[in-house]
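**Student:** I am attaching a structure below and will ask some questions about it afterwards.
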Amino acid sequence: VLAAAALVISGIGDPTTNAAVDALCASAIRAVPDSDTALRARLLARQAFFAAEMGACHRARELSAKSLALASRSEDPDALLDGIHARHLALSAPQFLAERRALATRACDVAHRARQPLAELWGHVWLVDAAFQAGDLAAVDYELARIEQFAVSGQHNLAWWHLYRLRASRAALTGELDTALACNEQAREVAARIGAASTIGMYYAFLGQIAVMRGTIDRELADATLGMLRQV
């Protein structure tokens with residue numbers, strides 16, 4: 001019961017919530033037998049998420065490595081995806097590009113066997129990030145096409161949001177600012193349907209970066225951006 005409770009909430013960046021989940025994981029790990037490698041792997045992955053969110057990079061890498069090792073031994077696809085996800089987050093730094101790309105590819109391969117409908121999406125989003133870092137726009141376009149296929153087949157708002165957000169980034173990178181702003185507006189419309197403040201906040205963050213690029217911002221946008229920052 002402790003372990004099940006600890007695994008209910010995922011993907012939430014709120015520090016208070018994450019701290020509560022981390023405490024539940026610590027209690028559950030003491031109760032779960034060593035032989036249950038899949039469950040222990042998933043609990044360690046949640047703890048790695050919390051450590052990464054708190055900026056405890058060394059602890060996040062240590063926990064995620066243990067989680068992924070246990071998950072690989074268990075051969076449980078959901079445990080493996082949790083371990084991969086935790087490891088990817090723990091290695092979110094430029095020097096780990098090759099390992100992050102390998103983890104993303106592995107997530108896409110495992111996704112169809114797991115009970116996590118968004119696992120394939122995360123893999124392709126991570127591959128876009130890796131391609132951006134490598135300056136490989138052909139790979140960016142290939143992965144965006146895969147995300148679009150996923151969004152169309154699943155009709156999942158989060159997939160559409162990521163697609164429009166990444167298209168906006170792609171357009172801004174190549175100087176197509178009108179296209180970038182149009183894609184950002186599409187992302188905002190989807191974010192409004194999702195209703196999560198963080199997704200709406202990304203809309204204003206993007207506009208802020210465009211303003212930095214152009215060297216100007218109007219008062220209305222500045223006030224709206226500051227208001228959103230206070231809310232988040």
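Ordering of the structure tokens sets the chain letters (A, B, ...), residue numbers begin anew at 1 in every chain, and ligands are numbered from 1 in the order given.
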Find the residues around Ala182 in chain A up to 12 Å (only C-alpha atoms counted), leave out those fewer than 6 positions away in its own chain, and share them as a PyMOL selection string.

**Tutor:** chain A and resi 164-165+167-169+171-172+176+188-189+203+206-207

**Student:** Export, as an mmCIF file, in the first residue's frame, the selected residues with all heavy atoms.

**Tutor:**
data_model
loop_
_atom_site.group_PDB
_atom_site.id
_atom_site.type_symbol
_atom_site.label_atom_id
_atom_site.label_comp_id
_atom_site.auth_asym_id
_atom_site.auth_seq_id
_atom_site.Cartn_x
_atom_site.Cartn_y
_atom_site.Cartn_z
ATOM 1 N N TYR A 164 3.677 21.918 -30.924
ATOM 2 C CA TYR A 164 3.644 23.344 -31.259
ATOM 3 C C TYR A 164 4.780 24.101 -30.571
ATOM 4 O O TYR A 164 5.389 25.002 -31.166
ATOM 5 C CB TYR A 164 2.295 23.951 -30.866
ATOM 6 C CG TYR A 164 1.130 23.441 -31.677
ATOM 7 C CD1 TYR A 164 -0.081 23.105 -31.059
ATOM 8 C CD2 TYR A 164 1.228 23.292 -33.060
ATOM 9 C CE1 TYR A 164 -1.158 22.638 -31.798
ATOM 10 C CE2 TYR A 164 0.149 22.812 -33.804
ATOM 11 C CZ TYR A 164 -1.045 22.491 -33.164
ATOM 12 O OH TYR A 164 -2.098 22.028 -33.905
ATOM 13 N N ARG A 165 5.054 23.734 -29.336
ATOM 14 C CA ARG A 165 6.134 24.394 -28.596
ATOM 15 C C ARG A 165 7.472 24.170 -29.291
ATOM 16 O O ARG A 165 8.276 25.100 -29.459
ATOM 17 C CB ARG A 165 6.168 23.832 -27.160
ATOM 18 C CG ARG A 165 7.222 24.440 -26.257
ATOM 19 C CD ARG A 165 7.182 23.772 -24.875
ATOM 20 N NE ARG A 165 7.585 22.376 -24.924
ATOM 21 C CZ ARG A 165 8.841 21.944 -24.901
ATOM 22 N NH1 ARG A 165 9.826 22.825 -24.862
ATOM 23 N NH2 ARG A 165 9.116 20.670 -24.932
ATOM 24 N N ARG A 167 7.938 23.264 -32.467
ATOM 25 C CA ARG A 167 7.928 23.931 -33.775
ATOM 26 C C ARG A 167 8.269 25.415 -33.623
ATOM 27 O O ARG A 167 8.982 25.984 -34.462
ATOM 28 C CB ARG A 167 6.552 23.782 -34.422
ATOM 29 C CG ARG A 167 6.308 22.442 -35.107
ATOM 30 C CD ARG A 167 4.908 22.380 -35.672
ATOM 31 N NE ARG A 167 4.674 21.157 -36.434
ATOM 32 C CZ ARG A 167 3.461 20.768 -36.857
ATOM 33 N NH1 ARG A 167 2.400 21.516 -36.576
ATOM 34 N NH2 ARG A 167 3.327 19.660 -37.542
ATOM 35 N N ALA A 168 7.753 26.023 -32.563
ATOM 36 C CA ALA A 168 8.075 27.433 -32.312
ATOM 37 C C ALA A 168 9.573 27.611 -32.090
ATOM 38 O O ALA A 168 10.187 28.550 -32.621
ATOM 39 C CB ALA A 168 7.285 27.934 -31.101
ATOM 40 N N SER A 169 10.178 26.716 -31.330
ATOM 41 C CA SER A 169 11.621 26.782 -31.075
ATOM 42 C C SER A 169 12.412 26.589 -32.370
ATOM 43 O O SER A 169 13.399 27.290 -32.623
ATOM 44 C CB SER A 169 12.029 25.721 -30.054
ATOM 45 O OG SER A 169 11.387 25.939 -28.821
ATOM 46 N N ALA A 171 11.432 27.243 -35.434
ATOM 47 C CA ALA A 171 11.291 28.418 -36.290
ATOM 48 C C ALA A 171 12.120 29.591 -35.764
ATOM 49 O O ALA A 171 12.759 30.309 -36.537
ATOM 50 C CB ALA A 171 9.817 28.807 -36.396
ATOM 51 N N ALA A 172 12.125 29.780 -34.449
ATOM 52 C CA ALA A 172 12.899 30.884 -33.869
ATOM 53 C C ALA A 172 14.387 30.695 -34.127
ATOM 54 O O ALA A 172 15.113 31.653 -34.397
ATOM 55 C CB ALA A 172 12.634 30.987 -32.371
ATOM 56 N N GLU A 176 12.736 32.527 -38.372
ATOM 57 C CA GLU A 176 11.362 32.668 -38.874
ATOM 58 C C GLU A 176 10.456 33.089 -37.707
ATOM 59 O O GLU A 176 9.664 32.302 -37.192
ATOM 60 C CB GLU A 176 10.898 31.350 -39.486
ATOM 61 C CG GLU A 176 11.787 30.857 -40.622
ATOM 62 C CD GLU A 176 11.501 29.417 -41.004
ATOM 63 O OE1 GLU A 176 10.531 29.203 -41.761
ATOM 64 O OE2 GLU A 176 12.216 28.518 -40.536
ATOM 65 N N ARG A 188 -0.295 27.917 -26.884
ATOM 66 C CA ARG A 188 -1.080 28.559 -25.819
ATOM 67 C C ARG A 188 -2.527 28.077 -25.828
ATOM 68 O O ARG A 188 -3.123 27.844 -24.769
ATOM 69 C CB ARG A 188 -1.041 30.075 -25.977
ATOM 70 C CG ARG A 188 -1.818 30.841 -24.879
ATOM 71 C CD ARG A 188 -2.009 32.293 -25.225
ATOM 72 N NE ARG A 188 -2.767 32.451 -26.461
ATOM 73 C CZ ARG A 188 -4.089 32.315 -26.564
ATOM 74 N NH1 ARG A 188 -4.811 31.982 -25.499
ATOM 75 N NH2 ARG A 188 -4.693 32.487 -27.719
ATOM 76 N N GLU A 189 -3.106 27.930 -27.017
ATOM 77 C CA GLU A 189 -4.490 27.455 -27.114
ATOM 78 C C GLU A 189 -4.632 26.055 -26.524
ATOM 79 O O GLU A 189 -5.602 25.756 -25.817
ATOM 80 C CB GLU A 189 -4.937 27.472 -28.578
ATOM 81 C CG GLU A 189 -5.083 28.876 -29.155
ATOM 82 C CD GLU A 189 -5.303 28.883 -30.658
ATOM 83 O OE1 GLU A 189 -5.456 27.778 -31.235
ATOM 84 O OE2 GLU A 189 -5.321 29.971 -31.256
ATOM 85 N N TYR A 203 4.349 29.767 -22.557
ATOM 86 C CA TYR A 203 3.959 30.698 -23.620
ATOM 87 C C TYR A 203 4.612 32.059 -23.381
ATOM 88 O O TYR A 203 5.220 32.650 -24.283
ATOM 89 C CB TYR A 203 2.436 30.818 -23.649
ATOM 90 C CG TYR A 203 1.903 31.976 -24.452
ATOM 91 C CD1 TYR A 203 1.816 31.899 -25.839
ATOM 92 C CD2 TYR A 203 1.477 33.145 -23.820
ATOM 93 C CE1 TYR A 203 1.313 32.961 -26.581
ATOM 94 C CE2 TYR A 203 0.979 34.215 -24.553
ATOM 95 C CZ TYR A 203 0.889 34.115 -25.936
ATOM 96 O OH TYR A 203 0.402 35.176 -26.665
ATOM 97 N N PHE A 206 8.447 32.027 -23.703
ATOM 98 C CA PHE A 206 8.878 32.091 -25.101
ATOM 99 C C PHE A 206 8.806 33.521 -25.628
ATOM 100 O O PHE A 206 9.734 34.012 -26.277
ATOM 101 C CB PHE A 206 8.019 31.165 -25.961
ATOM 102 C CG PHE A 206 8.503 31.016 -27.373
ATOM 103 C CD1 PHE A 206 9.495 30.103 -27.697
ATOM 104 C CD2 PHE A 206 7.972 31.797 -28.390
ATOM 105 C CE1 PHE A 206 9.957 29.963 -28.995
ATOM 106 C CE2 PHE A 206 8.428 31.667 -29.697
ATOM 107 C CZ PHE A 206 9.420 30.749 -29.999
ATOM 108 N N LEU A 207 7.689 34.202 -25.337
ATOM 109 C CA LEU A 207 7.557 35.593 -25.772
ATOM 110 C C LEU A 207 8.652 36.462 -25.161
ATOM 111 O O LEU A 207 9.160 37.391 -25.807
ATOM 112 C CB LEU A 207 6.178 36.137 -25.384
ATOM 113 C CG LEU A 207 4.971 35.578 -26.139
ATOM 114 C CD1 LEU A 207 3.687 36.228 -25.631
ATOM 115 C CD2 LEU A 207 5.106 35.778 -27.643
#

**Student:** Return as a PyMOL selection string the full set of residues in range 76-129 of chain A whose backbone-based DSSP assignment is alpha helix (DSSP H).

**Tutor:** chain A and resi 77-90+97-111+119-129

**Student:** Excluding same-chain residues fewer than 5 positions from Ala111 in chain A, what lies within 9 Å of it counting only C-alpha atoms, as a PyMOL selection string?

**Tutor:** chain A and resi 77-78+81+106+116-121+123

**Student:** Skipping near chain neighbours, those fewer than 2 positions away, what residues fall within 12 Å of range 137-139 of chain A using only C-alpha atoms, listed as a list of chain:residue names?

**Tutor:**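 Answer for this query is A:Arg101, A:His124, A:Val125, A:Trp126, A:Leu127, A:Val128, A:Asp129, A:Ala130, A:Ala131, A:Phe132, A:Gln133, A:Ala134, A:Gly135, A:Asp141, A:Tyr142, A:Glu143, A:Leu144, A:Ala145, A:Arg146, A:Leu166, A:Arg167, A:Ser169, A:Arg170, A:Ala171, A:Leu173, A:Thr174.
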
**Student:** Those same residues - N, CA and C atoms - I'd like them written as an mmCIF file, in the first residue's frame.

**Tutor:**
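Result saved to part15.cif:
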data_model
loop_
_atom_site.group_PDB
_atom_site.id
_atom_site.type_symbol
_atom_site.label_atom_id
_atom_site.label_comp_id
_atom_site.auth_asym_id
_atom_site.auth_seq_id
_atom_site.Cartn_x
_atom_site.Cartn_y
_atom_site.Cartn_z
ATOM 1 N N ARG A 101 20.757 10.620 -25.498
ATOM 2 C CA ARG A 101 20.199 10.160 -26.770
ATOM 3 C C ARG A 101 19.930 8.651 -26.723
ATOM 4 N N HIS A 124 10.545 10.752 -27.885
ATOM 5 C CA HIS A 124 10.735 11.596 -29.070
ATOM 6 C C HIS A 124 11.013 13.049 -28.684
ATOM 7 N N VAL A 125 10.383 13.549 -27.611
ATOM 8 C CA VAL A 125 10.684 14.906 -27.139
ATOM 9 C C VAL A 125 12.139 15.005 -26.714
ATOM 10 N N TRP A 126 12.627 13.989 -26.012
ATOM 11 C CA TRP A 126 14.033 13.982 -25.581
ATOM 12 C C TRP A 126 14.972 13.947 -26.791
ATOM 13 N N LEU A 127 14.586 13.199 -27.825
ATOM 14 C CA LEU A 127 15.419 13.126 -29.023
ATOM 15 C C LEU A 127 15.450 14.465 -29.762
ATOM 16 N N VAL A 128 14.348 15.222 -29.718
ATOM 17 C CA VAL A 128 14.364 16.569 -30.283
ATOM 18 C C VAL A 128 15.361 17.436 -29.520
ATOM 19 N N ASP A 129 15.315 17.374 -28.198
ATOM 20 C CA ASP A 129 16.248 18.161 -27.377
ATOM 21 C C ASP A 129 17.692 17.820 -27.720
ATOM 22 N N ALA A 130 17.969 16.529 -27.856
ATOM 23 C CA ALA A 130 19.330 16.096 -28.180
ATOM 24 C C ALA A 130 19.748 16.597 -29.565
ATOM 25 N N ALA A 131 18.808 16.551 -30.507
ATOM 26 C CA ALA A 131 19.110 17.006 -31.864
ATOM 27 C C ALA A 131 19.359 18.513 -31.901
ATOM 28 N N PHE A 132 18.587 19.271 -31.129
ATOM 29 C CA PHE A 132 18.832 20.710 -31.023
ATOM 30 C C PHE A 132 20.243 20.965 -30.489
ATOM 31 N N GLN A 133 20.609 20.238 -29.430
ATOM 32 C CA GLN A 133 21.934 20.447 -28.833
ATOM 33 C C GLN A 133 23.044 20.122 -29.834
ATOM 34 N N ALA A 134 22.822 19.099 -30.646
ATOM 35 C CA ALA A 134 23.836 18.690 -31.621
ATOM 36 C C ALA A 134 23.814 19.567 -32.877
ATOM 37 N N GLY A 135 22.800 20.436 -32.999
ATOM 38 C CA GLY A 135 22.683 21.264 -34.192
ATOM 39 C C GLY A 135 22.233 20.496 -35.419
ATOM 40 N N ASP A 141 13.591 17.706 -37.367
ATOM 41 C CA ASP A 141 12.408 17.595 -38.223
ATOM 42 C C ASP A 141 11.859 16.171 -38.244
ATOM 43 N N TYR A 142 12.748 15.183 -38.245
ATOM 44 C CA TYR A 142 12.305 13.780 -38.230
ATOM 45 C C TYR A 142 11.530 13.480 -36.953
ATOM 46 N N GLU A 143 12.069 13.919 -35.813
ATOM 47 C CA GLU A 143 11.407 13.634 -34.535
ATOM 48 C C GLU A 143 10.107 14.429 -34.397
ATOM 49 N N LEU A 144 10.061 15.644 -34.928
ATOM 50 C CA LEU A 144 8.816 16.415 -34.901
ATOM 51 C C LEU A 144 7.720 15.695 -35.696
ATOM 52 N N ALA A 145 8.103 15.087 -36.797
ATOM 53 C CA ALA A 145 7.138 14.310 -37.583
ATOM 54 C C ALA A 145 6.623 13.116 -36.792
ATOM 55 N N ARG A 146 7.493 12.474 -36.032
ATOM 56 C CA ARG A 146 7.069 11.342 -35.181
ATOM 57 C C ARG A 146 6.122 11.805 -34.079
ATOM 58 N N LEU A 166 7.732 22.941 -29.720
ATOM 59 C CA LEU A 166 9.002 22.620 -30.368
ATOM 60 C C LEU A 166 9.083 23.198 -31.778
ATOM 61 N N ARG A 167 7.938 23.264 -32.467
ATOM 62 C CA ARG A 167 7.928 23.931 -33.775
ATOM 63 C C ARG A 167 8.269 25.415 -33.623
ATOM 64 N N SER A 169 10.178 26.716 -31.330
ATOM 65 C CA SER A 169 11.621 26.782 -31.075
ATOM 66 C C SER A 169 12.412 26.589 -32.370
ATOM 67 N N ARG A 170 11.965 25.642 -33.170
ATOM 68 C CA ARG A 170 12.636 25.357 -34.452
ATOM 69 C C ARG A 170 12.596 26.598 -35.357
ATOM 70 N N ALA A 171 11.432 27.243 -35.434
ATOM 71 C CA ALA A 171 11.291 28.418 -36.290
ATOM 72 C C ALA A 171 12.120 29.591 -35.764
ATOM 73 N N LEU A 173 14.836 29.448 -34.080
ATOM 74 C CA LEU A 173 16.255 29.146 -34.273
ATOM 75 C C LEU A 173 16.737 29.557 -35.663
ATOM 76 N N THR A 174 15.850 29.431 -36.646
ATOM 77 C CA THR A 174 16.236 29.751 -38.024
ATOM 78 C C THR A 174 15.747 31.133 -38.457
#

**Student:** Can you work out which one of A:Ala191, A:Leu44, A:Leu177, A:Ala196 has the shortest atom-to-atom distance to Ala211 in chain A, counting only C-alpha atoms?

**Tutor:**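 Of A:Ala191, A:Leu44, A:Leu177, A:Ala196, the one nearest Ala211 in chain A is A:Leu177, counting only C-alpha atoms.
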